[in-house]
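As structure tokens, the structure follows; a few thoughts come after it.
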Amino acid sequence: MDSTILKIDNISKSFPRVKANKNISFNIKRNTVHALLGENGAGKSTFVKVLYGLLKPDEGFMYFNDNLLNIQSPSEARQKKIGMVFQHFSLFDSLTVRENLILGIDQDMSFSDLQKKVNNISEKYQLPLDLDAPINTLSAGQKQRVEIVRILLQDPELLIMDEPTSVLTPQEVKSLFKTLDKLLKEGRTILYITHKLEEVINLCDEVTILRDGAVIDSSKLENETAESLATKMLGKKLSEIKTDYDHIKDSINFKAHNLAQNFNNPFNTDLKNISFEVKEGEIFGIAGIAGNGQSELMNLLTGENVDDVDGSITFNNTEITNFNPKKRRDLSIAFVPENRLGHSAVPELTLAENVLLSQFPNNGFLKNGMINYKNIEIQAKKIVDEFNVVTPGVDAKASSLSGGNLQKFVIGREILSMPKLLIISHPTWGIDAGAEHTIRKSLIELAKNGTSIIVISQDLDELFEISHRISVIFNGNLSKSVDTAKISIAEIGLLMGGKGFV
Amino acid sequence: MFNFLPELKVRENPSSIMNFSVPVVAVFLTIVTGSLIFAMMGFDPIFALHTFFISPISNTYGISELLVKATPLALIAVGLSFCFKNNLYNIGAEGQLTMGAVIGGGIGIYFHDTQGFWVLPLMICGGAIGGALWGMIPAFLKIKFNTNEILTSLMLVYIALLILDYLVVGPWKDPNGFSFPKTRKFGDSGRMPLLFSGLRVHFGIIITLIGIFASWFIFSKTMLGYQLKVTGFSPVASRYAGFSQDKLVYIAFIIAGAFAGIAGLGEVSGPIGLLYRDISPNYGFTAIIVAFLGRLHPIGIIFASLIIALTYLGAEDAQLFMQIPAAVGFVFQGLVLFYLLGAELLVNYKIVLRKRV
């Protein structure tokens, strides 16, 4: 069988700030596992939402079994035999498995019919379910099983799996793959959305690669290697490296040694024996695809969540592993977390008030517990001037600034504190090119003046542009670091996809 | 499934004018609904509203009574605002009030035949400590065991009331009281001085004003107020700043408890003069409405306390002149809260009718 089950013809979808899907066209062959591969933000989610009727495309057509597909809602998609298992489960936590299954089906069905059908499916695909168990007592793998059974009740021809392994343990992944294999043997088609190269290679027949909202390539897997997929997924858009290494001193001032943290829940990535060192004046980059432990690592580095941590963090010979953020700032360590609104800045407060959020020693903002508003206003004005923050004034609410301007303000606030170490996550995420340039330039400048910088980012362009050494974080492990000048995009790409990790 | 139900959508830019006028709208709608209820009960709405809202405060005595009722309400509410701004839902102010009255009142009973300018200040301190200690219990449980402060603070209300009950029928019973469940009277040194002769408004109102001013000062000028605000707006940012969340939980509950305790002591050493079972007509619960009606702002709370105090007086007059149970006052308080929450919801969300699929 080599016929096309789904033909995507020129689908485009824009949001106010970004064109998420640009003229997407490709075909999915019947009875295959077709991978949709791309980085976070490549447009995968938007595309499947269009396909599943959650979003309306601006232009373009889809043909399902040679018929024009025009669906307005997921329930219509299900009627047309298209089913989807979401990355984030859409189950009611407090209800039982049985109640969730009943809620999920569109047609009327008697209780005993449902029971019979569920039993059939459970047996056929070896998906055992305890119908009376409340959802909140189930593991992530079991919840996904409920989702799959719910979709199979509708007997779909095309099954969309959106990053299905992102919350599963390796054992659960294995049993999921077995299930998918059975579905395939029955003649169903699977659209498998992922950013993990390994899974594409092990599971899929064909692959379509998305980057920046457009289809880069769509071909049979046998034509591809892990390297070629990585290069296509990440792009070769690298600018020339102009970082210079001369100013870096030999003295190491930051050491992370065997950091490990267990969370025992499917929503956090456990960290495993992470070790790295940063020299004075060095920019150390940590690359990786989102959800591989970056935010957990960031919390350890800032001190925001150091519960049950193993290993140690040392800064200038002081062990700071269990220091809270305030105590770390007292040692001249500054932080810029990924989220601006509600994390590194409080949206409801003014810019001047937001200056107070990260207090460094001797900044003169406080006198006997009283806030010196004059001083924080002067400081806020200084930040606005030096970092070209576009704002009506320092009494404007943080929420009224654009992402780029607020980020410039936050980074300015931290840089003006003259930190000895700056830890920054996704410094230019979601901001315009101008602000991006300002920020990268100021980071390079800061390092030249002797500050050590740790940058966690998904943006390889950025890391290659500013960092001296680079490591990759994958599934809570950190790779050995390499001089940025000595590694290629493809090598980093392979590491990001999990190749080379034990 | 349920496609016929309208849907709530977040408004991108909630109108700040509407946000500001939420309390006014709520009070207005309460009055409209109230008159409808009166009309359905067969009363002339104009007469009823007049009896309820105007006649109670048409003379000096009435205004004094209004202030007597507003005194504890405003003080408790402003204390609660420390908790609410920090997203801590302390609804146990009634218990904190009771324990303040028990400890402060206990001191008053102990010194009932002692004269001295220091007796009342000592009682006030006792009230503050009693309330603060009672408030610390839910804070401690929340921090140590991650319990829900709504439940624990509420449960502690009933424990406090039973402790008071036990004391007034047991060990603290008035030896000359013919076995009535009440204690002996405090001495003159243990009473709140009256501000005007012949009127019941007492020194407690000065304490309330001081408490309100102090809260305004803390929120707008000090790092402590800043920390509470940041934590309330965004706990994540507060953690990023390195503020100690546990410390802030304790401080908020201690302040709220102390204010409620002083309010309780003010009641027993002011209008009442002794301890007995029903020292508070639910001031601790009603103050929750006052706090939200006043938008958790010290000045707003002053106005809100006056409005809610009026519902107490109005209910008494309605009972007297219209033979309606005084519980109608609670109906009005409930209506205010209902409309307040409703109006607030609609300022931030809009109702969208779903299109037919």
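Every chain in the structure tokens has a letter given in the order shown (A, B, ...), and although residue numbers restart at 1 in each chain, ligands are simply numbered from 1 in the order shown.
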Residues of chain A within 6 Å of chain B, counting only C-alpha atoms - could you list those as a PyMOL selection string?
chain A and resi 304+324-326+342-344+357-358+369-371
Find the residues around range 332-336 of chain A up to 8 Å (only C-alpha atoms counted), leave out those fewer than 2 positions away in its own chain, and share them as a list in words.
Thr302, Arg328, Arg329, Asp330, Glu338, Ser344, Phe360, Val410, Ile411, Glu414, Ile415, Ser417, Met418, Pro419, Lys420, Leu421, Leu422, Ile423, Ile424, Ser425 and Pro427 of chain A
Selection export as a CSV table (one decimal), in the first residue's frame, atoms kept: C-alpha atoms:
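Resulting contents of out.csv:
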```csv
chain,number,residue,atom,x,y,z
A,302,THR,CA,20.2,30.6,41.4
A,328,ARG,CA,24.3,34.5,46.5
A,329,ARG,CA,23.8,38.1,45.4
A,330,ASP,CA,25.7,39.1,48.5
A,338,GLU,CA,14.1,32.8,31.3
A,344,SER,CA,12.7,38.4,37.0
A,360,PHE,CA,22.9,43.7,45.9
A,410,VAL,CA,16.2,43.2,33.6
A,411,ILE,CA,19.6,42.4,32.1
A,414,GLU,CA,21.8,42.8,36.8
A,415,ILE,CA,24.8,44.0,34.8
A,417,SER,CA,25.3,45.6,39.8
A,418,MET,CA,28.8,44.7,38.5
A,419,PRO,CA,28.5,41.0,39.2
A,420,LYS,CA,31.5,38.7,39.4
A,421,LEU,CA,29.3,35.9,38.0
A,422,LEU,CA,26.2,36.3,35.8
A,423,ILE,CA,23.9,33.3,35.3
A,424,ILE,CA,21.5,33.9,32.5
A,425,SER,CA,18.8,31.7,30.9
A,427,PRO,CA,18.8,35.9,27.2
```
Could you check which of B:Ala260, B:Val10, B:Leu164, B:Met123 is closest to Glu94 in chain B, using only C-alpha atoms?
B:Ala260
Please measure the separation of CA of Ala139 in chain B and CA of Pro347 in chain A, giving the value in Å to one decimal.
27.4 Å
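Counting only C-alpha atoms, the residue from A:Ser400, A:Ser45, A:Asn258, A:Thr208 that sits nearest to Gly476 in chain A is A:Asn258.
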Which neighbours of Lys81 in chain A fall inside 10 Å, counting only C-alpha atoms, when residues of the same chain fewer than 4 positions from it are skipped, and could you give them as a PyMOL selection string?
chain A and resi 64+75-77+151-152+154-159
Between CA of Glu65 in chain B and CA of His202 in chain B, what is the distance, to one decimal in Å?
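Separation of CA of Glu65 in chain B and CA of His202 in chain B: 10.2 Å.
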All residues 9 Å or closer to Glu39 in chain A, only C-alpha atoms, same chain fewer than 3 positions away omitted, as a PyMOL selection string:
chain A and resi 42-44+194-195+210-212+233-234+289-290+458
Quick one: residues within 6 Å of range 375-387 of chain A, only C-alpha atoms, excluding same-chain residues fewer than 5 positions away - as a list in words?
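My list of contacting residues is Ala352, Phe365 and Gly412 of chain A.
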Separation of CA of His426 in chain A from CA of Asn86 in chain B, in Å and rounded to one decimal:
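These two atoms are separated by 29.4 Å.
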With DSSP run on the backbone, what are the strand (DSSP E or B) residues within range 194-402 of chain A? I'd like them as a ChimeraX atom specification.
/A:194,206-211,214-220,252-261,271-279,283-287,309-315,318-319,333-336,341,345,350,366-367,370-371,397
